[in-house]
Amino acid sequence: MTSRNEELFARAQRTIPGGVNSPVRAFRSVGGTPRFLKKALGARVWDADGKEYLDYVGSWGPAILGHADPVVVEAVRSAALEGLSFGAPTEREIDMAERLCELLPSMEMVRLVSSGTEATMSAIRLARGFTGRDAIIKFEGCYHGHADSLLVKAGSGLLTFGNPSSAGVPEDFAKHTVVLDYNNPAQLEETFQARGSEIACVIIEPIAGNMNLVKPSAHFMHLLRRLCTEHGAVLIFDEVMTGFRVGPRGVQGLYGITPDLTTLGKVIGGGMPVGAFGGRRDIMEKIAPLGGVYQAGTLSGSPVAVAAGLASLEQIARPGFYETLTARTERLVAGLNAAARKHGVNFIADSVGGMFGLYFAKAVPQSYADVMASDRETFNRFFHAMLDAGHYFAPSAFEAGFVSAAHSEADIDSTIAAAEQWFAANAG
Ligand code: PLP
């Protein structure tokens, strides 16, 4: 008997390439049939067969409050009743801009867009327009959305499918993208020494979440800030994933580093399509209509999406929000690590704020090369066993996972117990 998920997948593949509207959803690297979800509430999702899962994907990051948070849903409902889209400025957009600038002190001005990709693409264009330079630096394994010049040795879906660069990106574009090793200070220093005056910007996931979770050293990050300043390159922190996920001030707050520009997405939309880029006033004033760098969007600042974003930002500012979220995530990581140790399984987990990494490896990876050396085949078996047991992790060994405020201690403990069962059965 075929399941409803299988029927839908077969049907989807007839009209949608690969049956999905974003590649990792297709389960290609883990194999099997993607779950077609029909409902999500709190920490749980339900598939087309009605099976319930504890969800650690959180719509790939936005669902920090849990799914269908009642305050966010009500904000969306009441905004929708006043009109879905105006294509004209609204007071709510000012509220959102002011809130973002308040929360991230590096942001003096901000522009709203509809996705993380738009945010990073626009920030790169702005950095190039501001500096009058073409070359950009990115790091291998970092994913910044799917703009052409950023699809070079990228992470996320590209890593999952073993092809970190995309077809269809002209060599003429890619040649302006210099790709360096994440967390390699010597190479960074050499590159700036050799080409510093050509570099428009450096874009980085300041904690990487698209080659699994990888934290850079403080030394590397401070060096990066110093070199960009010395050479007049714009430092862009891509906090689309980490923004308001790792803590109330993003990675910039954790490391005490002020980037020139920051890109945001995911959490700031509360599950609706919102992205943003912002930072230094002198740079942001180069955007049209003030300056010559063009950037626009029919649905930018959508009143419904912004209402969801504002309602989310309001709730994550509750006292103790990040303390609880961090403690829940640390509970998951500590429980998984203890279970793996007990059964002698080559596994380790790590976390920061509400974001975690699972690695079938001896030590927490420090670099792209470390991540590539982890045991993906075992991850895939673990993934399917957990899925069958009702625990939904990202269907790729290269994606970070997310805990939400709706995950209870009992939820976390049930996931640890399921993992322990698998570790016990697969020990040695
Ligand atoms: N930047 C980072 C760090 C991301 O993780 C992502 C998406 O996963 C993006 C940019 C692109 O965002 P979007 O998928 O909203 O276009």
# chains A, B, ... in the order shown; residues from 1 in each chain; ligands from 1
$ residues_around --residues "A:Gly168" --least-positions-apart "6" --cutoff "12 Å" --atoms "only C-alpha atoms" --output "list in words"
His146, Ala147, Asp148, Ser149, Leu151, Val152 and Ala174 of chain A
$ residues_around --residues "A:Glu198" --least-positions-apart "2" --cutoff "7 Å" --atoms "only C-alpha atoms" --output "list in words"
Arg133, Asp134, Ala135, Arg195, Gly196 and Ala200 of chain A
$ write_last_selection --atoms "C-alpha atoms" --output "mmCIF file, in the first residue's frame"
data_model
loop_
_atom_site.group_PDB
_atom_site.id
_atom_site.type_symbol
_atom_site.label_atom_id
_atom_site.label_comp_id
_atom_site.auth_asym_id
_atom_site.auth_seq_id
_atom_site.Cartn_x
_atom_site.Cartn_y
_atom_site.Cartn_z
ATOM 1 C CA ARG A 133 35.394 47.494 -6.528
ATOM 2 C CA ASP A 134 34.294 44.175 -8.066
ATOM 3 C CA ALA A 135 35.944 41.351 -6.110
ATOM 4 C CA ARG A 195 44.618 41.789 -3.225
ATOM 5 C CA GLY A 196 43.288 44.033 -0.440
ATOM 6 C CA ALA A 200 34.666 45.242 -2.272
#
$ closest_atom_pairs --of "chain A" --to "ligand 1" --cutoff "7 Å" --atoms "only C-alpha atoms and all ligand atoms" --output "CSV"
residue,atom,partner,partner_atom_place_in_ligand_line,distance
A:Trp60,CA,ligand 1,8 (O),6.8
A:Ser115,CA,ligand 1,15 (O),3.9
A:Gly116,CA,ligand 1,12 (O),3.2
A:Thr117,CA,ligand 1,16 (O),3.6
A:Glu118,CA,ligand 1,16 (O),6.5
A:Thr120,CA,ligand 1,10 (C),6.5
A:Tyr143,CA,ligand 1,2 (C),5.5
A:His144,CA,ligand 1,1 (N),3.6
A:Gly145,CA,ligand 1,11 (C),3.6
A:His146,CA,ligand 1,16 (O),6.9
A:Glu205,CA,ligand 1,3 (C),5.6
A:Gly209,CA,ligand 1,5 (O),6.5
A:Asn210,CA,ligand 1,5 (O),6.1
A:Asp238,CA,ligand 1,3 (C),5.4
A:Glu239,CA,ligand 1,3 (C),5.9
A:Val240,CA,ligand 1,2 (C),4.7
A:Met241,CA,ligand 1,5 (O),4.7
A:Gly265,CA,ligand 1,15 (O),5.9
A:Lys266,CA,ligand 1,15 (O),6.4
A:Gly275,CA,ligand 1,15 (O),6.9
$ write_last_selection --atoms "N, CA and C atoms" --output "PDB file, in the first residue's frame"
ATOM      1  N   TRP A  60      13.258  25.601   8.582  1.00  0.00           N
ATOM      2  CA  TRP A  60      14.659  25.979   8.299  1.00  0.00           C
ATOM      3  C   TRP A  60      15.073  27.238   9.064  1.00  0.00           C
ATOM      4  N   SER A 115      13.273  38.009   1.096  1.00  0.00           N
ATOM      5  CA  SER A 115      13.965  36.742   1.357  1.00  0.00           C
ATOM      6  C   SER A 115      15.407  37.022   1.748  1.00  0.00           C
ATOM      7  N   GLY A 116      16.050  35.988   2.282  1.00  0.00           N
ATOM      8  CA  GLY A 116      17.468  36.103   2.611  1.00  0.00           C
ATOM      9  C   GLY A 116      18.306  36.299   1.357  1.00  0.00           C
ATOM     10  N   THR A 117      17.934  35.615   0.291  1.00  0.00           N
ATOM     11  CA  THR A 117      18.671  35.757  -0.971  1.00  0.00           C
ATOM     12  C   THR A 117      18.669  37.204  -1.449  1.00  0.00           C
ATOM     13  N   GLU A 118      17.515  37.822  -1.407  1.00  0.00           N
ATOM     14  CA  GLU A 118      17.439  39.236  -1.821  1.00  0.00           C
ATOM     15  C   GLU A 118      18.317  40.110  -0.935  1.00  0.00           C
ATOM     16  N   THR A 120      21.125  39.294   0.770  1.00  0.00           N
ATOM     17  CA  THR A 120      22.564  39.145   0.516  1.00  0.00           C
ATOM     18  C   THR A 120      22.932  39.675  -0.871  1.00  0.00           C
ATOM     19  N   TYR A 143      26.686  29.345   2.755  1.00  0.00           N
ATOM     20  CA  TYR A 143      25.609  29.556   1.786  1.00  0.00           C
ATOM     21  C   TYR A 143      24.985  30.909   2.071  1.00  0.00           C
ATOM     22  N   HIS A 144      24.803  31.682   1.016  1.00  0.00           N
ATOM     23  CA  HIS A 144      24.233  33.018   1.199  1.00  0.00           C
ATOM     24  C   HIS A 144      23.032  33.235   0.289  1.00  0.00           C
ATOM     25  N   GLY A 145      22.299  32.172  -0.008  1.00  0.00           N
ATOM     26  CA  GLY A 145      21.197  32.311  -0.944  1.00  0.00           C
ATOM     27  C   GLY A 145      21.696  32.050  -2.344  1.00  0.00           C
ATOM     28  N   HIS A 146      20.823  32.234  -3.333  1.00  0.00           N
ATOM     29  CA  HIS A 146      21.164  31.726  -4.662  1.00  0.00           C
ATOM     30  C   HIS A 146      21.420  32.801  -5.707  1.00  0.00           C
ATOM     31  N   GLU A 205      29.038  33.793   6.943  1.00  0.00           N
ATOM     32  CA  GLU A 205      28.118  33.338   7.991  1.00  0.00           C
ATOM     33  C   GLU A 205      28.964  33.370   9.265  1.00  0.00           C
ATOM     34  N   GLY A 209      26.035  27.710   9.380  1.00  0.00           N
ATOM     35  CA  GLY A 209      24.949  26.756   9.627  1.00  0.00           C
ATOM     36  C   GLY A 209      24.557  26.014   8.369  1.00  0.00           C
ATOM     37  N   ASN A 210      25.316  26.227   7.298  1.00  0.00           N
ATOM     38  CA  ASN A 210      24.973  25.579   6.034  1.00  0.00           C
ATOM     39  C   ASN A 210      25.998  24.539   5.605  1.00  0.00           C
ATOM     40  N   ASP A 238      26.378  37.742   7.276  1.00  0.00           N
ATOM     41  CA  ASP A 238      25.119  37.153   6.831  1.00  0.00           C
ATOM     42  C   ASP A 238      24.496  36.449   8.034  1.00  0.00           C
ATOM     43  N   GLU A 239      23.593  37.154   8.671  1.00  0.00           N
ATOM     44  CA  GLU A 239      22.923  36.606   9.865  1.00  0.00           C
ATOM     45  C   GLU A 239      21.484  36.189   9.532  1.00  0.00           C
ATOM     46  N   VAL A 240      21.279  35.792   8.273  1.00  0.00           N
ATOM     47  CA  VAL A 240      19.946  35.318   7.874  1.00  0.00           C
ATOM     48  C   VAL A 240      19.533  34.138   8.770  1.00  0.00           C
ATOM     49  N   MET A 241      20.485  33.262   9.054  1.00  0.00           N
ATOM     50  CA  MET A 241      20.153  32.128   9.922  1.00  0.00           C
ATOM     51  C   MET A 241      20.388  32.449  11.402  1.00  0.00           C
ATOM     52  N   GLY A 265      16.918  37.428   7.810  1.00  0.00           N
ATOM     53  CA  GLY A 265      15.786  36.746   7.167  1.00  0.00           C
ATOM     54  C   GLY A 265      15.170  35.849   8.226  1.00  0.00           C
ATOM     55  N   LYS A 266      14.605  34.736   7.801  1.00  0.00           N
ATOM     56  CA  LYS A 266      14.096  33.686   8.704  1.00  0.00           C
ATOM     57  C   LYS A 266      13.349  34.243   9.920  1.00  0.00           C
ATOM     58  N   GLY A 275      13.012  39.576   4.554  1.00  0.00           N
ATOM     59  CA  GLY A 275      14.458  39.640   4.713  1.00  0.00           C
ATOM     60  C   GLY A 275      14.806  41.099   4.954  1.00  0.00           C
TER      61      GLY A 275
END
$ select_by_dssp --residues "stretch 136-201 of chain A" --states "alpha helix (DSSP H)" --output "PyMOL selection string"
chain A and resi 157-160+171-174+185-195
